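Enquirer: The following block contains the structure, expressed as structure tokens.
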Amino acid sequence: MSGAVLGFVAARARLGLSRAAAVSGSVLSTALDGAPGGANSNPTNKGPGDAFVRRFSSMFGGHAQSTNEILMVSPTAFEYNSAAAQDNHFMEAVVEAERLSARETVLREHDALREMLQEVVGCKVHVFDHSEDHGTPDACFPNNWFSTHGGNEVEVSTLVTYPLKSENRRLERREDILSRILSGDAYGKVVAMESHERGGRYLEGTGALVLDRANRVAYAALSERCSRELCLEWAEALGYNEVVFFDATDEQGNPVYHTNVVMAVGTNVAVACTESVECPAQRGRLLGALSRNHEVVEITRGQMNAFCGNVLEVMDGSGRPCMVMSTQAHDAFTEAQREALRANLPGGLHHSPIDTLERIGGGGVRCTIAEIFRG
């Protein structure tokens, strides 16, 4: 696991963190054929009720897929990030005259989203700001630079930090955020992968990796921001059983920059833009892996463009799994697809409009949320 424990060493030492240890065992790499290198709550929410919740609580032997505790960074210094736009084709540039007004709109959208998550869904939300002095226009997408993994998912509760492609995104790694995450409940293991930036290899957190935490399966759409080798290194470090690799493209044939734009995995249901996976063998294996434990809601590229794949299962204030998304994504799902989702989510579907953030930032609701798993 070379290079996986470098970076942030001094800060973590002050916080009482241990270095990552090598994990024994092997990881099944599903090298697919053709892959290179091998603020509204849906008023019609109707879940299956208490029987589902009891089944959810026991079916995975305590391996929780979702959490009620999340972290967000308010877009107080949000701007169009031209460096990120080089391979994020979901972004739209803004002229200088619109820069500040766009930021104000994005701030209102983000505030409404946070309020929905706190007041309607009942999430515990840690909120940070950032300033222009930080030089981090994309800081409102915090899930790319760190992830947390609780004792119900991995053998030892783990914090991972990641190598990011854009230099200005690397500045998002902040000691004050790490200190808040670790307060009162230090992680027993730290995997620091950012040293790979020097070698030009990247793995952008739970943007690059979509996780079936309950079954220890990771899904990865290979791109400039998702290194196959680093995925396998990550899986070995965290004791995951399998990494399912595939290639996904948009309507123009460009690689999709992050896996979490293509798909999402919940406890019992998954969403996947199978249309974007053009290789039949890859598509079949992706669906096969997902359908082992999930009902799969397949979406089109058009729906992917509306961020239907960029949704996230969280636990509501009553401990029920629900799914959060943008209003654009919610409205782009068909009613049959929404019914399939609701049938597997006792807490229902919740959405909030973030159209400007999606248009300029190129990311949806899932991108704005970093999950906090403890214990």
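Note on naming: chains are A, B, ... as they come in the structure tokens, residues start from 1 per chain, ligands start from 1 in the order shown.
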Need the shell around Pro75 of chain A: protein/DNA/RNA residues with any atom at most 10 Å away, counting only C-alpha atoms. Skip same-chain ones fewer than 5 positions apart. Format as a VMD selection string?
Expert: chain A and resid 103 to 104 106 to 111 128 to 131 136 to 141 357 368
Enquirer: Please, which residues in segment 283-323 of chain A fall within 10 Å of segment 339-353 of chain A when counting only C-alpha atoms, and what is the closest atom pair and distance in Å to one decimal for each, ordered by chain then residue number, as a Markdown table?
Expert:
```
| residue | atom | partner | partner_atom | distance |
| --- | --- | --- | --- | --- |
| A:His294 | CA | A:Asn344 | CA | 9.3 |
| A:Glu295 | CA | A:Ala340 | CA | 8.2 |
| A:Val296 | CA | A:Ala340 | CA | 8.9 |
| A:Val297 | CA | A:Ala340 | CA | 7.3 |
| A:Val311 | CA | A:His351 | CA | 9.6 |
| A:Glu313 | CA | A:Leu345 | CA | 8.6 |
| A:Val314 | CA | A:Gly347 | CA | 9.1 |
| A:Met315 | CA | A:Gly347 | CA | 7.8 |
| A:Asp316 | CA | A:Gly347 | CA | 6.5 |
| A:Gly317 | CA | A:Gly347 | CA | 9.2 |
| A:Ser318 | CA | A:Gly347 | CA | 8.4 |
| A:Gly319 | CA | A:Gly347 | CA | 8.4 |
| A:Arg320 | CA | A:Gly347 | CA | 5.2 |
| A:Pro321 | CA | A:Gly347 | CA | 5.4 |
| A:Cys322 | CA | A:Gly347 | CA | 4.3 |
| A:Met323 | CA | A:Leu349 | CA | 5.0 |
```
Enquirer: Mind checking which residues fall within 6 Å of Asp247 of chain A, counting only C-alpha atoms, ignoring those fewer than 3 positions away in the same chain, and posting them as an MDAnalysis selection string?
Expert: chainID A and resid 221:222 277
Enquirer: With only C-alpha atoms as the basis for distance, which of A:Leu113, A:Leu182, A:Met193, A:Ile70 is at the shortest distance from Val127 of chain A?
Expert: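 Of A:Leu113, A:Leu182, A:Met193, A:Ile70, the one nearest Val127 of chain A is A:Ile70, counting only C-alpha atoms.
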Enquirer: Identify, with DSSP run on backbone atoms, the residues in segment 98-310 of chain A assigned to alpha helix (DSSP H), and express the list as a PyMOL selection string.
Expert: chain A and resi 99-115+167-170+175-182+205-208+228-238+259-262+280-291+301-305
Enquirer: Please indicate the distance in Å from atom CA of Arg213 of chain A to atom CA of Ser66 of chain A, rounded to one decimal place.
Expert: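 Computed distance, atom CA of Arg213 of chain A to atom CA of Ser66 of chain A, equals 8.3 Å.
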Enquirer: Taking the DSSP secondary structure from the backbone, can you list the residues of segment 191-347 of chain A that are strand (DSSP E), as a PyMOL selection string?
Expert: chain A and resi 191-192+209-212+217-221+242-246+263-265+269-272+295-298+312-315+321-326
Enquirer: Mind dumping a table of every segment 144-225 of chain A residue within 7 Å of segment 250-272 of chain A, with the nearest atom pair and its distance in Å to one decimal, using only C-alpha atoms, sorted by chain and rising number, as JSON lines?
Expert:
```
{"residue": "A:Gly207", "atom": "CA", "partner": "A:Asn260", "partner_atom": "CA", "distance": 5.2}
{"residue": "A:Ala208", "atom": "CA", "partner": "A:His258", "partner_atom": "CA", "distance": 5.0}
{"residue": "A:Leu209", "atom": "CA", "partner": "A:Thr259", "partner_atom": "CA", "distance": 6.2}
{"residue": "A:Val210", "atom": "CA", "partner": "A:Asn260", "partner_atom": "CA", "distance": 5.9}
{"residue": "A:Leu211", "atom": "CA", "partner": "A:Val265", "partner_atom": "CA", "distance": 6.7}
{"residue": "A:Asp212", "atom": "CA", "partner": "A:Val265", "partner_atom": "CA", "distance": 6.1}
{"residue": "A:Ala220", "atom": "CA", "partner": "A:Thr259", "partner_atom": "CA", "distance": 5.8}
{"residue": "A:Ala221", "atom": "CA", "partner": "A:Thr259", "partner_atom": "CA", "distance": 5.0}
{"residue": "A:Ser223", "atom": "CA", "partner": "A:Tyr257", "partner_atom": "CA", "distance": 6.1}
{"residue": "A:Arg225", "atom": "CA", "partner": "A:Tyr257", "partner_atom": "CA", "distance": 6.6}
```
Enquirer: Can you tell me, as a count of residues only, what residues are no more than 9 Å from Tyr240 of chain A when counting only C-alpha atoms, ignoring any on the same chain fewer than 4 positions away?
Expert: 12
Enquirer: What is the distance between atom CA of Glu242 of chain A and atom CA of Cys279 of chain A, in Å to one decimal?
Expert: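 Distance between the two atoms: 20.1 Å.
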Enquirer: Using only C-alpha atoms, find the one residue out of A:Pro142, A:Phe245, A:Gly309, A:Ala237 that sits nearest to Thr206 of chain A.
Expert: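 The closest residue to Thr206 of chain A is A:Pro142.
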Enquirer: Atom CA of Gly288 of chain A and atom CA of Gln337 of chain A are how many Å apart?
Expert: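 According to the coordinates, atom CA of Gly288 of chain A and atom CA of Gln337 of chain A are separated by 19.3 Å.
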Enquirer: Show which residues sit within 9 Å of segment 371-375 of chain A, as a compact mmCIF listing (two decimals) with all heavy atoms, in the first residue's frame. Count only C-alpha atoms, and ignore same-chain residues fewer than 6 positions away.
Expert:
```txt
# COMPACT_ATOMS: atom_id res chain seq x y z
N SER A 66 -26.14 3.98 5.27
CA SER A 66 -26.31 5.43 5.28
C SER A 66 -26.24 5.97 6.71
O SER A 66 -26.30 5.23 7.68
CB SER A 66 -27.64 5.81 4.62
OG SER A 66 -28.71 5.06 5.15
N THR A 67 -26.11 7.30 6.80
CA THR A 67 -25.90 7.95 8.09
C THR A 67 -26.81 9.16 8.21
O THR A 67 -27.31 9.70 7.22
CB THR A 67 -24.43 8.39 8.23
OG1 THR A 67 -24.23 9.02 9.51
CG2 THR A 67 -24.03 9.38 7.14
N ASN A 68 -27.02 9.59 9.45
CA ASN A 68 -27.81 10.79 9.72
C ASN A 68 -26.92 12.01 9.90
O ASN A 68 -27.41 13.13 9.92
CB ASN A 68 -28.65 10.57 10.99
CG ASN A 68 -29.46 11.78 11.38
OD1 ASN A 68 -29.10 12.51 12.30
ND2 ASN A 68 -30.57 12.00 10.68
N GLU A 69 -25.60 11.81 10.00
CA GLU A 69 -24.68 12.91 10.27
C GLU A 69 -23.90 13.25 9.00
O GLU A 69 -23.28 12.38 8.39
CB GLU A 69 -23.71 12.53 11.39
CG GLU A 69 -22.78 13.66 11.81
CD GLU A 69 -21.88 13.29 12.98
OE1 GLU A 69 -21.98 12.14 13.48
OE2 GLU A 69 -21.07 14.14 13.38
N ILE A 70 -23.93 14.51 8.62
CA ILE A 70 -23.30 14.93 7.37
C ILE A 70 -22.55 16.24 7.58
O ILE A 70 -22.75 16.96 8.56
CB ILE A 70 -24.33 15.08 6.23
CG1 ILE A 70 -25.37 16.16 6.57
CG2 ILE A 70 -25.02 13.75 5.94
CD1 ILE A 70 -26.39 16.41 5.46
N LEU A 71 -21.68 16.56 6.62
CA LEU A 71 -20.91 17.80 6.64
C LEU A 71 -21.10 18.52 5.31
O LEU A 71 -21.08 17.89 4.26
CB LEU A 71 -19.43 17.51 6.88
CG LEU A 71 -18.48 18.69 7.01
CD1 LEU A 71 -17.36 18.37 8.00
CD2 LEU A 71 -17.86 19.08 5.66
N ASN A 143 -17.13 16.12 -0.44
CA ASN A 143 -17.00 14.65 -0.41
C ASN A 143 -15.85 14.14 -1.27
O ASN A 143 -15.52 12.96 -1.23
CB ASN A 143 -18.29 13.97 -0.87
CG ASN A 143 -18.55 14.13 -2.35
OD1 ASN A 143 -18.54 15.25 -2.88
ND2 ASN A 143 -18.78 13.03 -3.04
N SER A 147 -13.33 10.93 3.19
CA SER A 147 -14.48 10.08 3.49
C SER A 147 -14.26 9.43 4.85
O SER A 147 -13.13 9.29 5.32
CB SER A 147 -14.69 9.00 2.42
OG SER A 147 -13.60 8.08 2.39
N THR A 148 -15.35 9.03 5.49
CA THR A 148 -15.28 8.36 6.79
C THR A 148 -15.99 7.02 6.70
O THR A 148 -16.94 6.84 5.93
CB THR A 148 -15.92 9.21 7.89
OG1 THR A 148 -17.31 9.44 7.58
CG2 THR A 148 -15.21 10.55 8.05
N HIS A 149 -15.52 6.08 7.52
CA HIS A 149 -16.02 4.71 7.46
C HIS A 149 -16.11 4.17 8.88
O HIS A 149 -15.09 4.09 9.58
CB HIS A 149 -15.11 3.85 6.59
CG HIS A 149 -14.86 4.46 5.24
ND1 HIS A 149 -15.63 4.15 4.15
CD2 HIS A 149 -13.97 5.42 4.84
CE1 HIS A 149 -15.21 4.87 3.11
NE2 HIS A 149 -14.21 5.65 3.52
N GLY A 150 -17.32 3.82 9.32
CA GLY A 150 -17.53 3.39 10.69
C GLY A 150 -17.24 1.92 10.90
O GLY A 150 -17.01 1.15 9.96
N GLY A 151 -17.28 1.54 12.17
CA GLY A 151 -16.97 0.16 12.54
C GLY A 151 -17.95 -0.87 12.03
O GLY A 151 -17.65 -2.06 12.02
N ASN A 152 -19.15 -0.45 11.60
CA ASN A 152 -20.09 -1.38 11.00
C ASN A 152 -19.78 -1.68 9.54
O ASN A 152 -20.35 -2.59 8.95
CB ASN A 152 -21.52 -0.83 11.10
CG ASN A 152 -22.07 -0.90 12.50
OD1 ASN A 152 -21.67 -1.76 13.29
ND2 ASN A 152 -22.98 0.00 12.84
N VAL A 156 -11.87 -1.36 11.49
CA VAL A 156 -11.48 -0.26 12.38
C VAL A 156 -12.01 1.04 11.76
O VAL A 156 -11.83 1.27 10.57
CB VAL A 156 -9.94 -0.18 12.53
CG1 VAL A 156 -9.55 0.99 13.43
CG2 VAL A 156 -9.39 -1.49 13.08
N SER A 157 -12.68 1.86 12.55
CA SER A 157 -13.21 3.12 12.01
C SER A 157 -12.08 3.89 11.33
O SER A 157 -10.98 4.02 11.87
CB SER A 157 -13.84 3.95 13.12
OG SER A 157 -12.93 4.21 14.15
N THR A 158 -12.36 4.41 10.14
CA THR A 158 -11.30 4.90 9.26
C THR A 158 -11.65 6.25 8.64
O THR A 158 -12.80 6.48 8.23
CB THR A 158 -11.04 3.88 8.12
OG1 THR A 158 -10.68 2.61 8.69
CG2 THR A 158 -9.93 4.34 7.20
N ILE A 181 -14.40 16.88 12.47
CA ILE A 181 -14.80 15.50 12.20
C ILE A 181 -14.35 14.59 13.33
O ILE A 181 -15.06 13.68 13.75
CB ILE A 181 -14.18 15.02 10.86
CG1 ILE A 181 -14.72 15.82 9.70
CG2 ILE A 181 -14.45 13.53 10.64
CD1 ILE A 181 -13.97 15.57 8.41
N ASP A 185 -14.14 11.67 19.07
CA ASP A 185 -14.35 10.30 18.56
C ASP A 185 -13.30 10.01 17.49
O ASP A 185 -13.62 9.83 16.32
CB ASP A 185 -15.76 10.17 17.99
CG ASP A 185 -16.14 8.71 17.73
OD1 ASP A 185 -15.62 7.84 18.44
OD2 ASP A 185 -16.93 8.47 16.82
N ALA A 186 -12.03 9.96 17.88
CA ALA A 186 -10.94 9.80 16.91
C ALA A 186 -11.09 8.49 16.15
O ALA A 186 -11.50 7.47 16.71
CB ALA A 186 -9.60 9.86 17.62
N TYR A 187 -10.73 8.53 14.88
CA TYR A 187 -10.74 7.33 14.06
C TYR A 187 -9.50 6.51 14.36
O TYR A 187 -8.41 7.05 14.54
CB TYR A 187 -10.83 7.71 12.58
CG TYR A 187 -12.19 8.26 12.23
CD1 TYR A 187 -12.50 9.60 12.47
CD2 TYR A 187 -13.17 7.44 11.69
CE1 TYR A 187 -13.76 10.10 12.18
CE2 TYR A 187 -14.43 7.93 11.39
CZ TYR A 187 -14.72 9.25 11.64
OH TYR A 187 -15.97 9.75 11.36
N VAL A 314 -29.69 8.90 2.90
CA VAL A 314 -29.31 9.26 4.26
C VAL A 314 -30.36 8.69 5.21
O VAL A 314 -31.42 8.23 4.78
CB VAL A 314 -29.19 10.79 4.45
CG1 VAL A 314 -28.09 11.37 3.56
CG2 VAL A 314 -30.52 11.49 4.19
```
Enquirer: Counting only C-alpha atoms, which of A:Cys273, A:Ile177, A:Met72, A:Cys231 gets nearest to Ile369 of chain A?
Expert: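 Under the stated criterion, the closest residue is A:Met72.
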Enquirer: For a quick check of understanding, using only C-alpha atoms, which of A:Leu117, A:Val191, A:Val73, A:Ala248 has the smallest distance to Leu230 of chain A?
Expert: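 Once distances to Leu230 of chain A are computed over only C-alpha atoms, the minimum belongs to A:Val191.
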Enquirer: From the options A:Ala332, A:Thr356, A:Glu278, A:Arg174, which residue's atoms come nearest to Ser101 of chain A, counting only C-alpha atoms?
Expert: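 Closest to Ser101 of chain A, using only C-alpha atoms: A:Thr356.
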